[in-house]
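Structure file protein_19.cif (mmCIF, C-alpha atoms) follows.
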data_target
loop_
_atom_site.label_atom_id
_atom_site.label_comp_id
_atom_site.auth_asym_id
_atom_site.auth_seq_id
_atom_site.Cartn_x
_atom_site.Cartn_y
_atom_site.Cartn_z
CA MET T 44 -72.88 402.28 242.12
CA LYS T 45 -75.81 401.33 239.93
CA ILE T 46 -75.70 401.94 236.20
CA PHE T 47 -79.10 402.91 234.83
CA LYS T 48 -80.12 401.90 231.33
CA PRO T 49 -82.51 404.01 229.27
CA TYR T 50 -84.97 401.17 228.65
CA GLU T 51 -85.41 400.18 232.33
CA LYS T 52 -88.32 401.38 234.39
CA GLU T 53 -86.08 402.41 237.28
CA LYS T 54 -84.62 405.89 236.73
CA PRO T 55 -82.00 407.83 238.69
CA GLU T 56 -83.07 410.56 241.09
CA ALA T 57 -83.61 413.82 239.19
CA LYS T 58 -81.61 416.64 240.76
CA PRO T 59 -82.28 420.24 239.71
CA ASN T 60 -79.37 422.16 238.26
CA CYS T 61 -78.53 425.68 239.29
CA CYS T 62 -79.84 427.87 236.48
CA GLY T 63 -77.13 430.46 236.95
CA ASN T 64 -77.45 434.18 236.39
CA VAL T 65 -79.40 435.50 233.41
CA MET T 66 -77.24 438.61 233.29
CA GLU T 67 -73.61 437.99 232.37
CA PRO T 68 -70.94 440.69 232.57
CA GLU T 69 -69.42 441.81 229.29
CA TYR T 70 -65.75 442.72 229.18
CA ARG T 71 -63.53 444.34 226.55
CA GLU T 72 -59.79 444.14 226.34
CA ARG T 73 -58.18 447.55 226.62
CA TYR T 74 -54.60 448.77 226.76
CA ASP T 75 -53.31 451.33 229.24
CA GLU T 76 -50.93 454.15 228.32
CA HIS T 77 -47.99 451.78 228.75
CA GLY T 78 -49.39 449.17 226.34
CA HIS T 79 -50.37 446.67 229.04
CA PRO T 80 -53.64 444.82 228.42
CA TYR T 81 -56.45 444.76 230.99
CA LEU T 82 -60.14 443.87 231.04
CA GLU T 83 -62.74 446.56 231.44
CA LYS T 84 -66.36 445.80 232.34
CA VAL T 85 -68.52 447.57 229.76
CA GLY T 86 -71.95 446.29 230.73
CA GLU T 87 -74.11 443.26 231.20
CA VAL T 88 -75.80 441.04 228.63
CA ASN T 89 -79.03 439.13 229.09
CA THR T 90 -77.94 435.76 227.70
CA TYR T 91 -81.50 434.50 227.16
CA GLU T 92 -82.45 437.56 225.10
CA LYS T 93 -79.21 437.29 223.14
CA ILE T 94 -79.90 433.66 222.26
CA GLN T 95 -83.51 434.42 221.35
CA SER T 96 -82.44 437.30 219.09
CA TYR T 97 -81.16 434.69 216.60
CA ARG T 98 -84.38 432.65 216.64
CA ASP T 99 -85.75 433.86 213.28
CA GLN T 100 -82.39 433.39 211.57
CA CYS T 101 -82.23 429.75 212.73
CA ASP T 102 -85.87 428.68 212.41
CA VAL T 103 -86.14 426.45 209.35
CA MET T 104 -89.85 427.18 208.86
CA ALA T 105 -89.24 430.96 208.96
CA ILE T 106 -86.44 430.63 206.39
CA LEU T 107 -88.58 428.46 204.08
CA SER T 108 -91.53 430.87 204.46
CA ARG T 109 -89.35 433.75 203.33
CA TYR T 110 -88.14 431.72 200.37
CA ALA T 111 -91.71 430.70 199.46
CA ALA T 112 -92.69 434.38 199.55
CA GLY T 113 -90.09 435.08 196.85
CA ASP T 114 -87.09 436.12 198.95
CA GLU T 115 -84.28 434.22 197.25
CA SER T 116 -81.71 435.75 199.60
CA ALA T 117 -83.19 433.66 202.43
CA LEU T 118 -81.16 430.65 201.27
CA ALA T 119 -78.13 432.55 200.03
CA THR T 120 -75.64 433.98 202.47
CA PRO T 121 -73.23 436.47 200.92
CA GLY T 122 -69.67 435.22 200.89
CA TYR T 123 -66.70 437.04 202.30
CA TYR T 124 -63.43 436.38 200.58
CA ILE T 125 -59.94 437.21 201.77
CA ASP T 126 -56.52 436.03 200.71
CA THR T 127 -55.28 433.84 203.56
CA THR T 128 -52.34 432.30 201.75
CA LYS T 129 -49.83 434.38 203.71
CA LEU T 130 -51.53 433.94 207.10
CA PRO T 131 -50.07 431.40 209.51
CA LYS T 132 -51.80 428.04 209.36
CA THR T 133 -50.73 426.78 212.78
CA TYR T 134 -50.00 428.32 216.15
CA THR T 135 -46.32 427.54 215.66
CA GLU T 136 -46.25 429.45 212.37
CA TYR T 137 -47.96 432.37 214.14
CA LEU T 138 -45.34 432.37 216.90
CA ASN T 139 -42.53 432.20 214.33
CA SER T 140 -44.06 435.11 212.42
CA MET T 141 -44.33 437.16 215.62
CA ASN T 142 -40.71 436.31 216.45
CA GLU T 143 -39.67 437.55 213.00
CA GLN T 144 -41.53 440.82 213.66
CA ARG T 145 -39.85 441.08 217.08
CA GLU T 146 -36.47 440.63 215.36
CA LYS T 147 -37.36 443.43 212.94
CA PHE T 148 -38.27 445.64 215.91
CA ASP T 149 -34.97 444.81 217.62
CA GLN T 150 -33.08 445.86 214.47
CA LEU T 151 -34.70 449.32 214.42
CA PRO T 152 -32.50 452.24 215.49
CA LEU T 153 -32.40 452.87 219.22
CA GLU T 154 -34.17 456.24 218.89
CA ILE T 155 -37.19 454.67 217.21
CA ARG T 156 -37.39 451.81 219.72
CA GLN T 157 -37.26 454.35 222.56
CA LYS T 158 -40.29 456.14 221.07
CA PHE T 159 -42.20 452.89 221.66
CA GLY T 160 -40.79 452.47 225.18
CA MET T 161 -38.42 449.72 224.00
CA ASN T 162 -41.53 447.51 223.96
CA PHE T 163 -42.38 445.27 221.01
CA GLN T 164 -46.04 444.97 222.11
CA ASN T 165 -46.46 448.76 221.96
CA TRP T 166 -44.89 448.80 218.51
CA ALA T 167 -47.03 445.92 217.18
CA ALA T 168 -50.28 447.09 218.81
CA THR T 169 -50.16 450.48 217.08
CA ALA T 170 -48.72 449.33 213.73
CA GLY T 171 -50.17 451.24 210.79
CA GLU T 172 -51.77 454.01 212.85
CA ALA T 173 -50.89 457.65 212.26
CA ASP T 174 -48.99 457.88 215.56
CA TRP T 175 -47.00 454.74 214.68
CA LEU T 176 -46.14 456.14 211.24
CA GLU T 177 -45.00 459.40 212.81
CA LYS T 178 -42.81 457.62 215.37
CA MET T 179 -41.34 455.45 212.61
CA GLY T 180 -40.50 458.60 210.62
CA ILE T 181 -42.92 457.83 207.79
CA SER T 182 -44.82 460.85 206.51
CA MET T 183 -48.03 460.07 204.67
CA LYS T 184 -48.23 463.60 203.24
CA THR T 185 -44.77 463.32 201.73
CA ASP T 186 -45.54 459.87 200.28
CA ALA T 187 -48.80 461.09 198.72
CA ALA T 188 -47.08 464.16 197.28
CA ALA T 189 -44.23 462.03 195.91
CA GLN T 190 -46.69 459.68 194.23
CA SER T 191 -48.56 462.55 192.61
CA ASP T 192 -45.27 464.11 191.47
CA GLN T 193 -44.17 460.81 189.93
CA SER T 194 -47.45 460.56 188.07
CA ASN T 195 -46.91 464.10 186.74
CA GLY T 196 -43.41 463.21 185.61
CA THR T 197 -41.62 465.61 187.99
CA VAL T 198 -38.98 464.50 190.46
CA ASN T 199 -38.54 466.12 193.85
CA VAL T 200 -35.18 465.75 195.56
CA THR T 201 -35.04 466.01 199.34
CA LYS T 202 -32.32 467.88 201.23
CA LYS T 203 -30.89 464.58 202.48
CA GLU T 204 -30.53 463.33 198.92
CA GLU T 205 -28.90 466.61 197.85
CA ASN T 206 -26.43 466.41 200.75
CA ALA T 207 -25.63 462.79 199.92
CA ASP T 208 -24.97 463.73 196.26
CA GLU T 209 -22.74 466.63 197.31
CA GLN T 210 -20.70 464.37 199.60
CA LYS T 211 -20.17 461.84 196.81
CA GLN T 212 -18.76 464.54 194.53
#

Show me this structure written as structure tokens.
Amino acid sequence: MKIFKPYEKEKPEAKPNCCGNVMEPEYRERYDEHGHPYLEKVGEVNTYEKIQSYRDQCDVMAILSRYAAGDESALATPGYYIDTTKLPKTYTEYLNSMNEQREKFDQLPLEIRQKFGMNFQNWAATAGEADWLEKMGISMKTDAAAQSDQSNGTVNVTKKEENADEQKQ
């Protein structure tokens, strides 16, 4: 096998590469009614057009021309700030955090876990949604009403609290 050097006159044989397909399928991850993930083809993307759509944003001369014309935002990209101090910093920390959430799910009453099909992924995938709150027994209307009552200085006692007080006496 001969090793070619860039400064030699002899060059290796040039072989054309397969250019591939301009149109690439685009997929989205979806979940079925049982919470199982699957890929769904949602269309095709022309990769060349997609790459070229960023041309003006990357062209140094276009950016400098905008700045020279008085557009100071051409060199300033707005920042996005979030508090990441509680996010996992490594994959291991992420797995440990998910295991902690799984343990919390396992400690829920059987009736609640059954509403999620005894499946942690179903529980985690819908966390925070209205259906999830309903299955967990959390009523947003009651919470909002309780907050407004507290701000007004009135206290509402639920039937469960009244029954608990009666049993204590």

Closest pair table for stretch 57-99 of chain T residues within 12 Å of stretch 104-110 of chain T, all atoms listed in the file, as a tab-separated table:
residue	atom	partner	partner_atom	distance
T:Tyr97	CA	T:Ala105	CA	11.7
T:Arg98	CA	T:Ala105	CA	9.2
T:Asp99	CA	T:Ala105	CA	6.3

Task: Nearest to T:Cys62 by atom-to-atom distance, counting only C-alpha atoms, from T:Lys45, T:Trp166, T:Tyr81, T:Tyr91 - done: T:Tyr91

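Nearest residue to T:Glu146 among T:Trp175, T:Phe47, T:Phe163, T:Tyr70 is T:Phe163, counting all atoms listed in the file.
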
Open item on the list: Given only C-alpha atoms as the basis, pick out the residue of T:Ala117, T:Gly78, T:Cys101, T:Ser182 nearest to T:Ala167.
Closed with: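 Comparing T:Ala117, T:Gly78, T:Cys101, T:Ser182 against T:Ala167, the winner is T:Gly78.
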
TODO: Using only C-alpha atoms, find the one residue out of T:Glu56, T:Lys178, T:Lys93, T:Glu143 that sits nearest to T:Gly160.
DONE: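 Result for the nearest residue to T:Gly160: T:Lys178.
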
TODO: Quote the spacing between atom CA of T:Pro152 and atom CA of T:Gly171 in Å to one decimal place.
DONE: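 Atom CA of T:Pro152 sits 18.3 Å away from atom CA of T:Gly171.
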
TODO: Quick one: pull the distance between atom CA of T:Lys129 and atom CA of T:Pro80, Å, one decimal.
DONE: 27.1 Å

Task: Atomic distance atom CA of T:Asn162 - atom CA of T:Leu176, expressed in Å with one decimal - done: 16.0 Å

TODO: List the residues matched by the PyMOL selection byres ((chain T and resi 71) around 7) in the displayed structure as a count of residues only, ordered by chain and then by residue number.
DONE: 8

Task: Who sits within 12 Å of T:Gly180, all atoms listed in the file, same chain under 3 positions skipped, as a PyMOL selection string - done: chain T and resi 151-152+154-156+158+173-177+183-186

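Closest approach to T:Gln164 among T:Lys52, T:Lys58, T:Lys132, T:Arg145: T:Arg145, based on only C-alpha atoms.
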
Task: Near-T:Thr90 list (8 Å; all atoms listed in the file; drop same-chain fewer than 4 positions) as number ranges by chain - done: T: 65-67, 94
